[in-house]
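All remarks here apply to the structure that follows.
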Amino acid sequence: ITLQGFFICLILALGWALASLVRGREIRRLRESMRCGNSFAFLSYDINDLEHSYQINLPRVTVVMPLKGFGEHNLHNWRTQITSLYGGPLEFLFVVESTEDPAYHAVTRLLAEFKDDVDAKIVVAGLSTTCSQKIHNQLIGVEKMHKDSKYVLFLDDDVRLHPGSIGALTAEMEKNPDIFIQTGYPLDLPSGSLGSYCIYEYHMPCSMGFATGGKTFFLWGGCMMMHSDDFRNDNHGVVSELRDGGYSDDMTLAAIAGAHKRLITSPPVAVFPHPLASDLNFARYWNYLRKQTFVLESYTTKVNWIMNRALFSTHCYLSWGFVIPYIMSAVHVAAALRFYSKGYSFGEAAFPCSGLSLVACHATCTIIELLSMWNLTRIEVLLCNLLSPEAPPLSLASYNWCLVFIAMLVDNFLYPLSAVRSHFSQSINWSGIRYHLKDGKINKIERSKGKGPKFTDLGGKHLYGKKGAPNNYSFLLSLSRSFVHWRQPKKYDL
């Protein structure tokens with residue numbers, strides 16, 4: 001058992017080390033471009049791509065943002081999305097369930113501030129009846145997108161984009177038309193509570209699959225760019241599979257990509273700061289974990305069901321396989337202390353010495369693992385700072401690595417419990433709506449407005465009532481407006 005713990009720690013350390021190499025290579029490319037005189041390397045490595053003759057030919061992109069509630073970081077996140085410095089035609093669709101959603105009033109005020117500087121509007125989707133509310137909002141947004149949009153980008157409201165993110169994603173789609181979906185991944189910024197560190201620890205192992213610098217089998221629903229025609233023509237059943245009982249957008253689309261052998265990629269620059277709510281308590285973390293394990297109960301095909309069961313079993317095995325060796329190490333230490341308290345020396349028996357040797361090896365593996373996690377986080381923080389030079393710099397100073405270690409134990413201990421509960425309950429409360437599954441699809445939706453949780457899990461967003469927040473002027477707003485005026489001739493040429 002203890003050797004198994006060594007193995008898991010070292011595998012995690014190796015995975016994070018490889019992810020660090022991919023992200024680090026991108027940092028070197030950025031710095032090299034800057035050394036060659038390209039001050040706008042955060043937008044494009046080739047400064048010639050920012051010329052009007054190139055920008056005029058960029059494809060139209062529609063950004064669809066399904067919203068639910070309003071929290072402390074949403075306003076800033078939305079600003080980073082609509083102030084993108086993408087040079088091509090760009091429209092933003094904020095999709096809400098109803099005008100009573102607090103997000104509706106906050107977005108209305110934000111768009112009034114920008115007026116005609118961005119092409120953005122609010123779409124009221126109504127209530128979902130056959131799928132999750134998020135998927136329903138996404139599909140309504142796709143129906144409302146511009147007829148000439150070549151790509152659609154789905155963003156969650158907790159995604160904090162870099163000025164060049166949309167341009168980087170679009171450039172990859174243009175270079176390789178075989179790409180089915182492009183995705184990214186968040187860099188969690190813990191708020192200080194144990195719950196927030198558990199979220200950070202939960203996401204970090206998954207980050208390995210998104211730091212490939214290219215092809216991946218993983219998909220994060222917070223950032224997905226796809227071909228618009230795939231939705232217009234319902235290619236591979238992307239619309240019907242989502243609409244008819246779909247619970248999780250990313251799991252459903254990943255299953256479709258796997259079934260039809262379509263390509264999913266994750267560019268190395270697609271890592272986004274994700275600040276967690278300052279009051280994220282342990283109960284909200286537990287609800288989030290329940291939602292994450294519940295997605296494994298949804299599936300589209302028999303093969304998808306088998307893969308989800310394999311993920312379920314593997315994750316549960318590795319989680320407790322990670323925790324149990326620490327319990328064994330604690331037993332070894334306790335036994336050695338008791339042996340020593342009896343007046344014996346460690347040289348008089350083999351058990352305490354061999355036990356403490358295992359504990360020392362386990363501690364060494366743990367330190368290597370934490371150092372590898374720290375290094376990947378450091379590199380991603382640096383990459384985010386280079387990609388968003390206008391934003392206040394992120395820092396590792398706020399990370400508490402003792403809490404990170406505790407969160408690793410807590411999260412891995414609770415994951416199997418959450419997974420088993422999700423398996424037997426077959427229902428989940430997601431942002432105040434309870435969904436029931438049958439044969440991997442949603443077959444019942446229960447709503448009780450004003451009852452249940454008042455906040456979502458990670459962002460601490462108000463779900464009910466007319467909540468808003470004061471608007472703040474930002475440097476990026478000014479830069480975006482200047483960029484709009486700079487490329488104004490293109491509009492007249494078109």
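Convention: chains lettered A, B, ... in structure tokens order; per-chain residue numbering from 1; ligands numbered from 1 as shown.
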At a cut-off of 8 Å, can you tabulate as CSV every residue of region 353-454 of chain A near region 130-149 of chain A together with its closest atom pair and the distance in Å to one decimal, using only C-alpha atoms and ordering rows by chain then number?
```
residue,atom,partner,partner_atom,distance
A:Tyr435,CA,A:Ser132,CA,7.6
A:Ile442,CA,A:Cys131,CA,6.1
A:Asn443,CA,A:Thr130,CA,7.2
```
Could those selected residues go to a file with N, CA, C and O atoms, as a PDB file, in the first residue's frame?
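Writing the result to part13.pdb gives the following:
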```pdb
ATOM      1  N   TYR A 435     -31.948  18.159 -11.202  1.00  0.00           N
ATOM      2  CA  TYR A 435     -32.049  17.324 -12.394  1.00  0.00           C
ATOM      3  C   TYR A 435     -32.020  15.852 -11.993  1.00  0.00           C
ATOM      4  O   TYR A 435     -31.235  15.447 -11.139  1.00  0.00           O
ATOM      5  N   ILE A 442     -31.242  13.371 -18.885  1.00  0.00           N
ATOM      6  CA  ILE A 442     -32.184  14.060 -18.000  1.00  0.00           C
ATOM      7  C   ILE A 442     -33.610  13.667 -18.378  1.00  0.00           C
ATOM      8  O   ILE A 442     -34.006  13.771 -19.547  1.00  0.00           O
ATOM      9  N   ASN A 443     -34.358  13.198 -17.405  1.00  0.00           N
ATOM     10  CA  ASN A 443     -35.754  12.851 -17.682  1.00  0.00           C
ATOM     11  C   ASN A 443     -36.737  13.604 -16.790  1.00  0.00           C
ATOM     12  O   ASN A 443     -37.945  13.489 -16.969  1.00  0.00           O
TER      13      ASN A 443
END
```
**Residue list (strand (DSSP E), DSSP) for region 188-316 of chain A, as a list in words** =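 Filtering region 188-316 of chain A to strand (DSSP E) leaves Asp188, Leu189, Cys223, Met224, Met225, Met226, His227, Leu263, Ile264, Thr265, Val271, Phe272, Pro273, His274 and Pro275 of chain A.
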**Message:** Taking only region 139-196 of chain A into account, list the residues labelled alpha helix (DSSP H) by DSSP (computed from the backbone), as a list in words.
**Reply:** Leu139, Ile140, Gly141, Val142, Glu143, Lys144, Ser165, Ile166, Gly167, Ala168, Leu169, Thr170, Ala171, Glu172, Met173, Glu174, Lys175, Leu194, Gly195 and Ser196 of chain A
**Message:** Neighbouring residues of Pro89 (chain A) were defined as those with any atom within 8 Å, considering only C-alpha atoms; residues of the same chain fewer than 2 positions away were excluded. Please report them as a list in words.
**Reply:** Leu58, Pro59, Arg60, Val61, Gly87 and Glu91 of chain A
With all heavy atoms retained, could you export that selection as a compact mmCIF listing (two decimals), in the first residue's frame?
```txt
# COMPACT_ATOMS: atom_id res chain seq x y z
N LEU A 58 -9.97 38.19 -41.29
CA LEU A 58 -10.25 37.29 -40.18
C LEU A 58 -11.72 36.89 -40.17
O LEU A 58 -12.61 37.69 -40.50
CB LEU A 58 -9.89 37.97 -38.85
CG LEU A 58 -8.39 38.16 -38.58
CD1 LEU A 58 -8.18 38.95 -37.30
CD2 LEU A 58 -7.68 36.82 -38.50
N PRO A 59 -12.02 35.65 -39.79
CA PRO A 59 -13.40 35.17 -39.82
C PRO A 59 -14.23 35.76 -38.67
O PRO A 59 -13.70 36.19 -37.65
CB PRO A 59 -13.25 33.66 -39.66
CG PRO A 59 -11.97 33.50 -38.91
CD PRO A 59 -11.07 34.61 -39.38
N ARG A 60 -15.53 35.74 -38.88
CA ARG A 60 -16.45 36.22 -37.84
C ARG A 60 -16.59 35.16 -36.74
O ARG A 60 -16.70 33.96 -37.02
CB ARG A 60 -17.82 36.53 -38.44
CG ARG A 60 -18.87 36.94 -37.41
CD ARG A 60 -20.20 37.25 -38.05
NE ARG A 60 -20.15 38.54 -38.73
CZ ARG A 60 -20.38 39.71 -38.14
NH1 ARG A 60 -20.65 39.75 -36.85
NH2 ARG A 60 -20.34 40.82 -38.84
N VAL A 61 -16.59 35.62 -35.50
CA VAL A 61 -16.73 34.74 -34.34
C VAL A 61 -17.89 35.21 -33.49
O VAL A 61 -18.04 36.42 -33.24
CB VAL A 61 -15.43 34.72 -33.50
CG1 VAL A 61 -15.62 33.86 -32.24
CG2 VAL A 61 -14.26 34.21 -34.31
N GLY A 87 -9.24 41.13 -33.98
CA GLY A 87 -9.41 42.12 -35.03
C GLY A 87 -10.52 41.84 -36.01
O GLY A 87 -10.85 42.71 -36.83
N GLU A 91 -19.13 39.12 -32.21
CA GLU A 91 -20.36 39.45 -31.49
C GLU A 91 -20.44 38.64 -30.21
O GLU A 91 -19.93 37.51 -30.12
CB GLU A 91 -21.61 39.19 -32.35
CG GLU A 91 -21.90 37.73 -32.62
CD GLU A 91 -23.25 37.50 -33.27
OE1 GLU A 91 -24.13 38.39 -33.17
OE2 GLU A 91 -23.43 36.42 -33.88
```
**Asked** Using only C-alpha atoms, which residues sit within 8 Å of Asn281 (chain A) once same-chain residues fewer than 6 positions away are excluded, as JSON, numbers by chain?
**Response** {"A": [193, 194, 195, 196]}
